[in-house]
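Next up, input.cif (mmCIF, N, CA and C atoms):
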data_entry
loop_
_atom_site.group_PDB
_atom_site.id
_atom_site.type_symbol
_atom_site.label_atom_id
_atom_site.label_comp_id
_atom_site.auth_asym_id
_atom_site.auth_seq_id
_atom_site.Cartn_x
_atom_site.Cartn_y
_atom_site.Cartn_z
ATOM 1 N N MET R 1 -3.993 -36.868 -25.094
ATOM 2 C CA MET R 1 -3.334 -35.591 -25.251
ATOM 3 C C MET R 1 -4.326 -34.432 -25.135
ATOM 4 N N LYS R 2 -5.556 -34.666 -25.613
ATOM 5 C CA LYS R 2 -6.567 -33.621 -25.527
ATOM 6 C C LYS R 2 -6.916 -33.303 -24.071
ATOM 7 N N ALA R 3 -6.919 -34.314 -23.227
ATOM 8 C CA ALA R 3 -7.229 -34.095 -21.814
ATOM 9 C C ALA R 3 -6.185 -33.188 -21.167
ATOM 10 N N PHE R 4 -4.934 -33.346 -21.556
ATOM 11 C CA PHE R 4 -3.875 -32.495 -21.012
ATOM 12 C C PHE R 4 -4.116 -31.035 -21.382
ATOM 13 N N TRP R 5 -4.440 -30.765 -22.636
ATOM 14 C CA TRP R 5 -4.671 -29.385 -23.076
ATOM 15 C C TRP R 5 -5.927 -28.809 -22.431
ATOM 16 N N ASP R 6 -6.949 -29.641 -22.262
ATOM 17 C CA ASP R 6 -8.150 -29.179 -21.566
ATOM 18 C C ASP R 6 -7.814 -28.794 -20.130
ATOM 19 N N TYR R 7 -7.023 -29.638 -19.464
ATOM 20 C CA TYR R 7 -6.600 -29.331 -18.100
ATOM 21 C C TYR R 7 -5.794 -28.041 -18.078
ATOM 22 N N LEU R 8 -4.855 -27.918 -19.001
ATOM 23 C CA LEU R 8 -3.967 -26.763 -19.018
ATOM 24 C C LEU R 8 -4.752 -25.469 -19.187
ATOM 25 N N PHE R 9 -5.642 -25.416 -20.124
ATOM 26 C CA PHE R 9 -6.358 -24.177 -20.399
ATOM 27 C C PHE R 9 -7.512 -23.919 -19.445
ATOM 28 N N LYS R 10 -8.238 -24.959 -19.069
ATOM 29 C CA LYS R 10 -9.416 -24.754 -18.228
ATOM 30 C C LYS R 10 -9.070 -24.610 -16.754
ATOM 31 N N ASP R 11 -8.163 -25.409 -16.283
ATOM 32 C CA ASP R 11 -7.866 -25.392 -14.849
ATOM 33 C C ASP R 11 -6.655 -24.536 -14.509
ATOM 34 N N TRP R 12 -5.534 -24.825 -15.119
ATOM 35 C CA TRP R 12 -4.296 -24.166 -14.726
ATOM 36 C C TRP R 12 -4.326 -22.675 -15.040
ATOM 37 N N PHE R 13 -4.660 -22.296 -16.269
ATOM 38 C CA PHE R 13 -4.697 -20.877 -16.626
ATOM 39 C C PHE R 13 -5.759 -20.125 -15.830
ATOM 40 N N ARG R 14 -6.859 -20.789 -15.528
ATOM 41 C CA ARG R 14 -7.902 -20.147 -14.737
ATOM 42 C C ARG R 14 -7.399 -19.855 -13.326
ATOM 43 N N GLN R 15 -6.724 -20.818 -12.723
ATOM 44 C CA GLN R 15 -6.209 -20.617 -11.372
ATOM 45 C C GLN R 15 -5.156 -19.520 -11.334
ATOM 46 N N VAL R 16 -4.269 -19.513 -12.309
ATOM 47 C CA VAL R 16 -3.241 -18.472 -12.362
ATOM 48 C C VAL R 16 -3.896 -17.107 -12.583
ATOM 49 N N GLY R 17 -4.878 -17.046 -13.471
ATOM 50 C CA GLY R 17 -5.587 -15.790 -13.723
ATOM 51 C C GLY R 17 -6.307 -15.272 -12.494
ATOM 52 N N GLU R 18 -6.957 -16.164 -11.756
ATOM 53 C CA GLU R 18 -7.645 -15.753 -10.535
ATOM 54 C C GLU R 18 -6.653 -15.260 -9.485
ATOM 55 N N ALA R 19 -5.519 -15.934 -9.360
ATOM 56 C CA ALA R 19 -4.500 -15.502 -8.400
ATOM 57 C C ALA R 19 -3.960 -14.121 -8.767
ATOM 58 N N LEU R 20 -3.722 -13.882 -10.043
ATOM 59 C CA LEU R 20 -3.243 -12.569 -10.483
ATOM 60 C C LEU R 20 -4.293 -11.487 -10.242
ATOM 61 N N LEU R 21 -5.559 -11.805 -10.461
ATOM 62 C CA LEU R 21 -6.629 -10.843 -10.216
ATOM 63 C C LEU R 21 -6.716 -10.483 -8.734
ATOM 64 N N VAL R 22 -6.641 -11.477 -7.870
ATOM 65 C CA VAL R 22 -6.679 -11.223 -6.424
ATOM 66 C C VAL R 22 -5.477 -10.382 -6.007
ATOM 67 N N ALA R 23 -4.292 -10.709 -6.507
ATOM 68 C CA ALA R 23 -3.093 -9.936 -6.176
ATOM 69 C C ALA R 23 -3.237 -8.491 -6.638
ATOM 70 N N PHE R 24 -3.786 -8.282 -7.827
ATOM 71 C CA PHE R 24 -3.988 -6.931 -8.341
ATOM 72 C C PHE R 24 -4.946 -6.148 -7.453
ATOM 73 N N LEU R 25 -6.069 -6.755 -7.078
ATOM 74 C CA LEU R 25 -7.053 -6.063 -6.251
ATOM 75 C C LEU R 25 -6.503 -5.734 -4.869
ATOM 76 N N VAL R 26 -5.759 -6.666 -4.278
ATOM 77 C CA VAL R 26 -5.198 -6.426 -2.945
ATOM 78 C C VAL R 26 -4.177 -5.298 -2.984
ATOM 79 N N THR R 27 -3.281 -5.305 -3.977
ATOM 80 C CA THR R 27 -2.250 -4.265 -4.026
ATOM 81 C C THR R 27 -2.792 -2.929 -4.508
ATOM 82 N N THR R 28 -3.894 -2.925 -5.233
ATOM 83 C CA THR R 28 -4.463 -1.666 -5.711
ATOM 84 C C THR R 28 -5.359 -1.015 -4.663
ATOM 85 N N PHE R 29 -6.186 -1.802 -3.993
ATOM 86 C CA PHE R 29 -7.160 -1.242 -3.065
ATOM 87 C C PHE R 29 -6.928 -1.627 -1.604
ATOM 88 N N GLY R 30 -6.157 -2.635 -1.331
ATOM 89 C CA GLY R 30 -5.996 -3.125 0.035
ATOM 90 C C GLY R 30 -4.744 -2.639 0.727
ATOM 91 N N PHE R 31 -3.620 -3.219 0.376
ATOM 92 C CA PHE R 31 -2.361 -2.936 1.055
ATOM 93 C C PHE R 31 -1.250 -2.701 0.048
ATOM 94 N N THR R 32 -0.219 -2.048 0.505
ATOM 95 C CA THR R 32 1.035 -1.955 -0.234
ATOM 96 C C THR R 32 2.155 -1.944 0.797
ATOM 97 N N THR R 33 3.365 -2.156 0.353
ATOM 98 C CA THR R 33 4.505 -2.080 1.261
ATOM 99 C C THR R 33 5.437 -0.976 0.796
ATOM 100 N N VAL R 34 6.052 -0.327 1.749
ATOM 101 C CA VAL R 34 7.069 0.678 1.454
ATOM 102 C C VAL R 34 8.278 0.397 2.322
ATOM 103 N N GLY R 35 9.435 0.726 1.805
ATOM 104 C CA GLY R 35 10.673 0.561 2.551
ATOM 105 C C GLY R 35 11.062 1.859 3.231
ATOM 106 N N VAL R 36 11.636 1.741 4.410
ATOM 107 C CA VAL R 36 12.099 2.905 5.155
ATOM 108 C C VAL R 36 13.545 3.175 4.755
ATOM 109 N N VAL R 37 13.805 4.409 4.335
ATOM 110 C CA VAL R 37 15.157 4.816 3.953
ATOM 111 C C VAL R 37 15.537 6.008 4.814
ATOM 112 N N GLY R 38 16.607 5.870 5.573
ATOM 113 C CA GLY R 38 17.060 6.971 6.412
ATOM 114 C C GLY R 38 16.637 6.805 7.863
ATOM 115 N N GLN R 39 17.093 7.727 8.686
ATOM 116 C CA GLN R 39 16.879 7.646 10.132
ATOM 117 C C GLN R 39 15.870 8.668 10.649
ATOM 118 N N SER R 40 15.144 9.350 9.768
ATOM 119 C CA SER R 40 14.274 10.435 10.219
ATOM 120 C C SER R 40 13.117 9.957 11.096
ATOM 121 N N MET R 41 12.705 8.707 10.981
ATOM 122 C CA MET R 41 11.589 8.195 11.777
ATOM 123 C C MET R 41 12.058 7.327 12.946
ATOM 124 N N TYR R 42 13.362 7.275 13.203
ATOM 125 C CA TYR R 42 13.903 6.484 14.299
ATOM 126 C C TYR R 42 13.379 7.040 15.612
ATOM 127 N N PRO R 43 12.975 6.279 16.603
ATOM 128 C CA PRO R 43 13.059 4.848 16.799
ATOM 129 C C PRO R 43 11.810 4.094 16.338
ATOM 130 N N THR R 44 10.778 4.799 15.872
ATOM 131 C CA THR R 44 9.554 4.116 15.444
ATOM 132 C C THR R 44 9.809 3.219 14.247
ATOM 133 N N LEU R 45 10.453 3.768 13.227
ATOM 134 C CA LEU R 45 10.803 3.024 12.024
ATOM 135 C C LEU R 45 12.303 3.116 11.831
ATOM 136 N N ARG R 46 12.914 1.979 11.556
ATOM 137 C CA ARG R 46 14.369 1.948 11.376
ATOM 138 C C ARG R 46 14.722 1.808 9.901
ATOM 139 N N ASN R 47 15.898 2.267 9.549
ATOM 140 C CA ASN R 47 16.380 2.195 8.178
ATOM 141 C C ASN R 47 16.363 0.748 7.681
ATOM 142 N N GLY R 48 15.786 0.526 6.500
ATOM 143 C CA GLY R 48 15.744 -0.801 5.901
ATOM 144 C C GLY R 48 14.499 -1.610 6.211
ATOM 145 N N GLU R 49 13.676 -1.178 7.157
ATOM 146 C CA GLU R 49 12.450 -1.912 7.472
ATOM 147 C C GLU R 49 11.431 -1.758 6.351
ATOM 148 N N ARG R 50 10.526 -2.737 6.241
ATOM 149 C CA ARG R 50 9.398 -2.665 5.308
ATOM 150 C C ARG R 50 8.140 -2.425 6.135
ATOM 151 N N VAL R 51 7.271 -1.576 5.639
ATOM 152 C CA VAL R 51 6.047 -1.223 6.351
ATOM 153 C C VAL R 51 4.849 -1.613 5.487
ATOM 154 N N LEU R 52 3.887 -2.314 6.082
ATOM 155 C CA LEU R 52 2.648 -2.680 5.401
ATOM 156 C C LEU R 52 1.666 -1.519 5.574
ATOM 157 N N VAL R 53 1.245 -0.921 4.468
ATOM 158 C CA VAL R 53 0.423 0.285 4.507
ATOM 159 C C VAL R 53 -0.988 -0.030 4.006
ATOM 160 N N PRO R 54 -2.021 0.180 4.843
ATOM 161 C CA PRO R 54 -3.398 -0.018 4.368
ATOM 162 C C PRO R 54 -3.831 1.160 3.501
ATOM 163 N N LYS R 55 -4.304 0.860 2.303
ATOM 164 C CA LYS R 55 -4.702 1.925 1.379
ATOM 165 C C LYS R 55 -6.122 2.418 1.626
ATOM 166 N N TRP R 56 -6.970 1.614 2.271
ATOM 167 C CA TRP R 56 -8.360 2.016 2.430
ATOM 168 C C TRP R 56 -8.498 3.230 3.337
ATOM 169 N N GLU R 57 -7.528 3.470 4.232
ATOM 170 C CA GLU R 57 -7.615 4.639 5.103
ATOM 171 C C GLU R 57 -7.580 5.931 4.300
ATOM 172 N N THR R 58 -6.788 5.951 3.237
ATOM 173 C CA THR R 58 -6.737 7.130 2.375
ATOM 174 C C THR R 58 -8.088 7.371 1.721
ATOM 175 N N TRP R 59 -8.740 6.293 1.290
ATOM 176 C CA TRP R 59 -10.061 6.448 0.675
ATOM 177 C C TRP R 59 -11.080 6.950 1.698
ATOM 178 N N LEU R 60 -10.988 6.486 2.936
ATOM 179 C CA LEU R 60 -11.904 6.975 3.968
ATOM 180 C C LEU R 60 -11.718 8.466 4.205
ATOM 181 N N VAL R 61 -10.463 8.930 4.204
ATOM 182 C CA VAL R 61 -10.192 10.361 4.376
ATOM 183 C C VAL R 61 -10.732 11.145 3.188
ATOM 184 N N ARG R 62 -10.524 10.645 1.989
ATOM 185 C CA ARG R 62 -11.000 11.350 0.790
ATOM 186 C C ARG R 62 -12.516 11.507 0.774
ATOM 187 N N PHE R 63 -13.230 10.524 1.300
ATOM 188 C CA PHE R 63 -14.687 10.590 1.324
ATOM 189 C C PHE R 63 -15.226 11.251 2.591
ATOM 190 N N GLY R 64 -14.347 11.740 3.452
ATOM 191 C CA GLY R 64 -14.768 12.447 4.648
ATOM 192 C C GLY R 64 -15.253 11.560 5.771
ATOM 193 N N LEU R 65 -14.926 10.273 5.732
ATOM 194 C CA LEU R 65 -15.369 9.341 6.765
ATOM 195 C C LEU R 65 -14.354 9.182 7.887
ATOM 196 N N LYS R 66 -13.171 9.720 7.707
ATOM 197 C CA LYS R 66 -12.099 9.605 8.698
ATOM 198 C C LYS R 66 -11.231 10.842 8.585
ATOM 199 N N GLU R 67 -10.596 11.218 9.680
ATOM 200 C CA GLU R 67 -9.631 12.312 9.661
ATOM 201 C C GLU R 67 -8.309 11.800 10.191
ATOM 202 N N TRP R 68 -7.234 12.401 9.714
ATOM 203 C CA TRP R 68 -5.920 12.057 10.245
ATOM 204 C C TRP R 68 -5.825 12.584 11.670
ATOM 205 N N ARG R 69 -5.149 11.828 12.531
ATOM 206 C CA ARG R 69 -4.996 12.222 13.929
ATOM 207 C C ARG R 69 -3.525 12.445 14.251
ATOM 208 N N ARG R 70 -3.294 13.188 15.300
ATOM 209 C CA ARG R 70 -1.942 13.452 15.761
ATOM 210 C C ARG R 70 -1.258 12.140 16.109
ATOM 211 N N GLY R 71 0.002 12.002 15.708
ATOM 212 C CA GLY R 71 0.781 10.810 16.010
ATOM 213 C C GLY R 71 0.728 9.746 14.933
ATOM 214 N N GLU R 72 -0.200 9.856 13.974
ATOM 215 C CA GLU R 72 -0.259 8.884 12.888
ATOM 216 C C GLU R 72 0.886 9.125 11.915
ATOM 217 N N ILE R 73 1.283 8.063 11.256
ATOM 218 C CA ILE R 73 2.360 8.151 10.277
ATOM 219 C C ILE R 73 1.740 8.204 8.892
ATOM 220 N N ALA R 74 2.179 9.162 8.094
ATOM 221 C CA ALA R 74 1.674 9.313 6.730
ATOM 222 C C ALA R 74 2.773 8.934 5.752
ATOM 223 N N ILE R 75 2.390 8.242 4.693
ATOM 224 C CA ILE R 75 3.304 7.913 3.602
ATOM 225 C C ILE R 75 2.983 8.889 2.480
ATOM 226 N N LEU R 76 3.948 9.703 2.121
ATOM 227 C CA LEU R 76 3.735 10.734 1.113
ATOM 228 C C LEU R 76 4.347 10.302 -0.205
ATOM 229 N N LYS R 77 3.646 10.581 -1.287
ATOM 230 C CA LYS R 77 4.156 10.246 -2.611
ATOM 231 C C LYS R 77 4.746 11.516 -3.233
ATOM 232 N N PRO R 78 6.055 11.603 -3.299
ATOM 233 C CA PRO R 78 6.702 12.800 -3.846
ATOM 234 C C PRO R 78 6.676 12.793 -5.372
ATOM 235 N N PRO R 79 7.251 13.797 -6.005
ATOM 236 C CA PRO R 79 7.283 13.833 -7.468
ATOM 237 C C PRO R 79 7.906 12.571 -8.061
ATOM 238 N N GLU R 80 7.531 12.286 -9.291
ATOM 239 C CA GLU R 80 7.974 11.072 -9.970
ATOM 240 C C GLU R 80 9.500 10.983 -10.017
ATOM 241 N N GLY R 81 9.993 9.772 -9.812
ATOM 242 C CA GLY R 81 11.425 9.531 -9.869
ATOM 243 C C GLY R 81 12.126 9.609 -8.533
ATOM 244 N N THR R 82 11.415 9.985 -7.480
ATOM 245 C CA THR R 82 12.002 10.028 -6.146
ATOM 246 C C THR R 82 11.241 9.055 -5.255
ATOM 247 N N PRO R 83 11.869 8.549 -4.189
ATOM 248 C CA PRO R 83 11.194 7.566 -3.329
ATOM 249 C C PRO R 83 10.097 8.212 -2.479
ATOM 250 N N PHE R 84 9.262 7.344 -1.888
ATOM 251 C CA PHE R 84 8.222 7.817 -0.983
ATOM 252 C C PHE R 84 8.858 8.498 0.219
ATOM 253 N N ALA R 85 8.097 9.357 0.863
ATOM 254 C CA ALA R 85 8.555 10.018 2.081
ATOM 255 C C ALA R 85 7.577 9.679 3.197
ATOM 256 N N THR R 86 8.088 9.581 4.422
ATOM 257 C CA THR R 86 7.222 9.336 5.575
ATOM 258 C C THR R 86 7.249 10.556 6.473
ATOM 259 N N ALA R 87 6.162 10.783 7.178
ATOM 260 C CA ALA R 87 6.089 11.901 8.108
ATOM 261 C C ALA R 87 5.111 11.540 9.212
ATOM 262 N N ARG R 88 5.341 12.111 10.367
ATOM 263 C CA ARG R 88 4.416 11.941 11.484
ATOM 264 C C ARG R 88 3.679 13.265 11.654
ATOM 265 N N PHE R 89 2.377 13.201 11.955
ATOM 266 C CA PHE R 89 1.626 14.422 12.179
ATOM 267 C C PHE R 89 2.120 15.029 13.489
ATOM 268 N N PRO R 90 2.867 16.125 13.425
ATOM 269 C CA PRO R 90 3.548 16.624 14.615
ATOM 270 C C PRO R 90 2.656 17.358 15.602
ATOM 271 N N VAL R 91 1.699 18.131 15.125
ATOM 272 C CA VAL R 91 0.900 18.955 16.027
ATOM 273 C C VAL R 91 -0.558 18.909 15.593
ATOM 274 N N LEU R 92 -1.432 19.283 16.495
ATOM 275 C CA LEU R 92 -2.844 19.375 16.143
ATOM 276 C C LEU R 92 -3.035 20.503 15.131
ATOM 277 N N GLY R 93 -3.898 20.289 14.172
ATOM 278 C CA GLY R 93 -4.156 21.303 13.159
ATOM 279 C C GLY R 93 -3.287 21.160 11.928
ATOM 280 N N PHE R 94 -2.249 20.336 11.994
ATOM 281 C CA PHE R 94 -1.388 20.094 10.839
ATOM 282 C C PHE R 94 -2.111 19.113 9.940
ATOM 283 N N ALA R 95 -2.233 19.401 8.656
ATOM 284 C CA ALA R 95 -3.051 18.545 7.795
ATOM 285 C C ALA R 95 -2.368 18.270 6.466
ATOM 286 N N PHE R 96 -2.617 17.072 5.959
ATOM 287 C CA PHE R 96 -2.224 16.684 4.608
ATOM 288 C C PHE R 96 -3.492 16.530 3.802
ATOM 289 N N ARG R 97 -3.424 16.837 2.535
ATOM 290 C CA ARG R 97 -4.549 16.542 1.650
ATOM 291 C C ARG R 97 -4.344 15.165 1.079
ATOM 292 N N ALA R 98 -5.374 14.329 1.106
ATOM 293 C CA ALA R 98 -5.266 12.966 0.579
ATOM 294 C C ALA R 98 -5.398 12.963 -0.916
#

If you took the structure in this file and wrote it as structure tokens, what would it be?
Amino acid sequence: MKAFWDYLFKDWFRQVGEALLVAFLVTTFGFTTVGVVGQSMYPTLRNGERVLVPKWETWLVRFGLKEWRRGEIAILKPPEGTPFATARFPVLGFAFRA
């Protein structure tokens, strides 16, 4: 019986903990997904689609290592309680603050 508890605490909980840590790091610093609501981005993005968004690009912009370019799609975080908004950089010189 002791071997079972040793296995449970040493192996199983460790593996679950490591998986949760990796998931946390990936979703915090790597990628996130957002759902498309509405037809404003049609035909590029359709209503109901899920989009995989790399978060590191925002950090590169914040540190001045990258700039947004015309034609890129930005995911905007509106005030609390409302869904995310998407926008395309329409013209040169149009800028968002990261």

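Proximity to Arg50 (chain R) was assessed for R:Gly81, R:Thr33, R:Asp6, R:Leu20 counting all atoms listed in the file; the smallest distance is recorded for R:Thr33.
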
Atomic separation - CA of Glu67 (chain R) relative to CA of Met41 (chain R), Å: 21.7 Å

Just the residues within 12 Å of Trp59 (chain R), please, counting only C-alpha atoms, with nothing from its chain fewer than 4 positions along; format it as a ChimeraX atom specification. /R:28-30,54-55,63-68,97-98

Once DSSP has gone over the backbone, tell me which residues of chain R are in strand (DSSP E or B), as an mmCIF file with N, CA and C atoms, in the frame of the given file.
data_model
loop_
_atom_site.group_PDB
_atom_site.id
_atom_site.type_symbol
_atom_site.label_atom_id
_atom_site.label_comp_id
_atom_site.auth_asym_id
_atom_site.auth_seq_id
_atom_site.Cartn_x
_atom_site.Cartn_y
_atom_site.Cartn_z
ATOM 1 N N PHE R 31 -3.620 -3.219 0.376
ATOM 2 C CA PHE R 31 -2.361 -2.936 1.055
ATOM 3 C C PHE R 31 -1.250 -2.701 0.048
ATOM 4 N N THR R 32 -0.219 -2.048 0.505
ATOM 5 C CA THR R 32 1.035 -1.955 -0.234
ATOM 6 C C THR R 32 2.155 -1.944 0.797
ATOM 7 N N THR R 33 3.365 -2.156 0.353
ATOM 8 C CA THR R 33 4.505 -2.080 1.261
ATOM 9 C C THR R 33 5.437 -0.976 0.796
ATOM 10 N N VAL R 34 6.052 -0.327 1.749
ATOM 11 C CA VAL R 34 7.069 0.678 1.454
ATOM 12 C C VAL R 34 8.278 0.397 2.322
ATOM 13 N N GLY R 35 9.435 0.726 1.805
ATOM 14 C CA GLY R 35 10.673 0.561 2.551
ATOM 15 C C GLY R 35 11.062 1.859 3.231
ATOM 16 N N ARG R 50 10.526 -2.737 6.241
ATOM 17 C CA ARG R 50 9.398 -2.665 5.308
ATOM 18 C C ARG R 50 8.140 -2.425 6.135
ATOM 19 N N VAL R 51 7.271 -1.576 5.639
ATOM 20 C CA VAL R 51 6.047 -1.223 6.351
ATOM 21 C C VAL R 51 4.849 -1.613 5.487
ATOM 22 N N LEU R 52 3.887 -2.314 6.082
ATOM 23 C CA LEU R 52 2.648 -2.680 5.401
ATOM 24 C C LEU R 52 1.666 -1.519 5.574
ATOM 25 N N VAL R 53 1.245 -0.921 4.468
ATOM 26 C CA VAL R 53 0.423 0.285 4.507
ATOM 27 C C VAL R 53 -0.988 -0.030 4.006
ATOM 28 N N PRO R 54 -2.021 0.180 4.843
ATOM 29 C CA PRO R 54 -3.398 -0.018 4.368
ATOM 30 C C PRO R 54 -3.831 1.160 3.501
ATOM 31 N N ILE R 73 1.283 8.063 11.256
ATOM 32 C CA ILE R 73 2.360 8.151 10.277
ATOM 33 C C ILE R 73 1.740 8.204 8.892
ATOM 34 N N ALA R 74 2.179 9.162 8.094
ATOM 35 C CA ALA R 74 1.674 9.313 6.730
ATOM 36 C C ALA R 74 2.773 8.934 5.752
ATOM 37 N N ILE R 75 2.390 8.242 4.693
ATOM 38 C CA ILE R 75 3.304 7.913 3.602
ATOM 39 C C ILE R 75 2.983 8.889 2.480
ATOM 40 N N LEU R 76 3.948 9.703 2.121
ATOM 41 C CA LEU R 76 3.735 10.734 1.113
ATOM 42 C C LEU R 76 4.347 10.302 -0.205
ATOM 43 N N ALA R 85 8.097 9.357 0.863
ATOM 44 C CA ALA R 85 8.555 10.018 2.081
ATOM 45 C C ALA R 85 7.577 9.679 3.197
ATOM 46 N N THR R 86 8.088 9.581 4.422
ATOM 47 C CA THR R 86 7.222 9.336 5.575
ATOM 48 C C THR R 86 7.249 10.556 6.473
ATOM 49 N N ALA R 87 6.162 10.783 7.178
ATOM 50 C CA ALA R 87 6.089 11.901 8.108
ATOM 51 C C ALA R 87 5.111 11.540 9.212
ATOM 52 N N ARG R 88 5.341 12.111 10.367
ATOM 53 C CA ARG R 88 4.416 11.941 11.484
ATOM 54 C C ARG R 88 3.679 13.265 11.654
#

For CA of Trp56 (chain R) and CA of Phe31 (chain R), determine how far apart the two atoms are, in Å to one decimal place.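 Those two atoms sit 7.9 Å apart.
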
Take the PyMOL selection byres ((chain R and resi 36) around 6), apply it to the structure above, and return the hits as a list in words.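 With the shown file as input, the PyMOL selection byres ((chain R and resi 36) around 6) matches Val34, Gly35, Val37, Gly38, Arg46, Asn47, Gly48, Glu49, Arg50 and Val51 of chain R.
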
Secondary structure check, helix (DSSP H, G or I) residues of chain R, as a PyMOL selection string: chain R and resi 2-30+56-62

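Here CA of Leu45 (chain R) and CA of Leu76 (chain R) stand 15.1 Å from one another.
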
Assuming 5 Å of padding per side, give the centre and edge lengths of the axis-aligned box around every listed atom of region 16-34 of chain R, in Å to one decimal and as JSON.
{"center_x": 0.3, "center_y": -9.4, "center_z": -5.7, "size_x": 25.9, "size_y": 30.2, "size_z": 26.0}
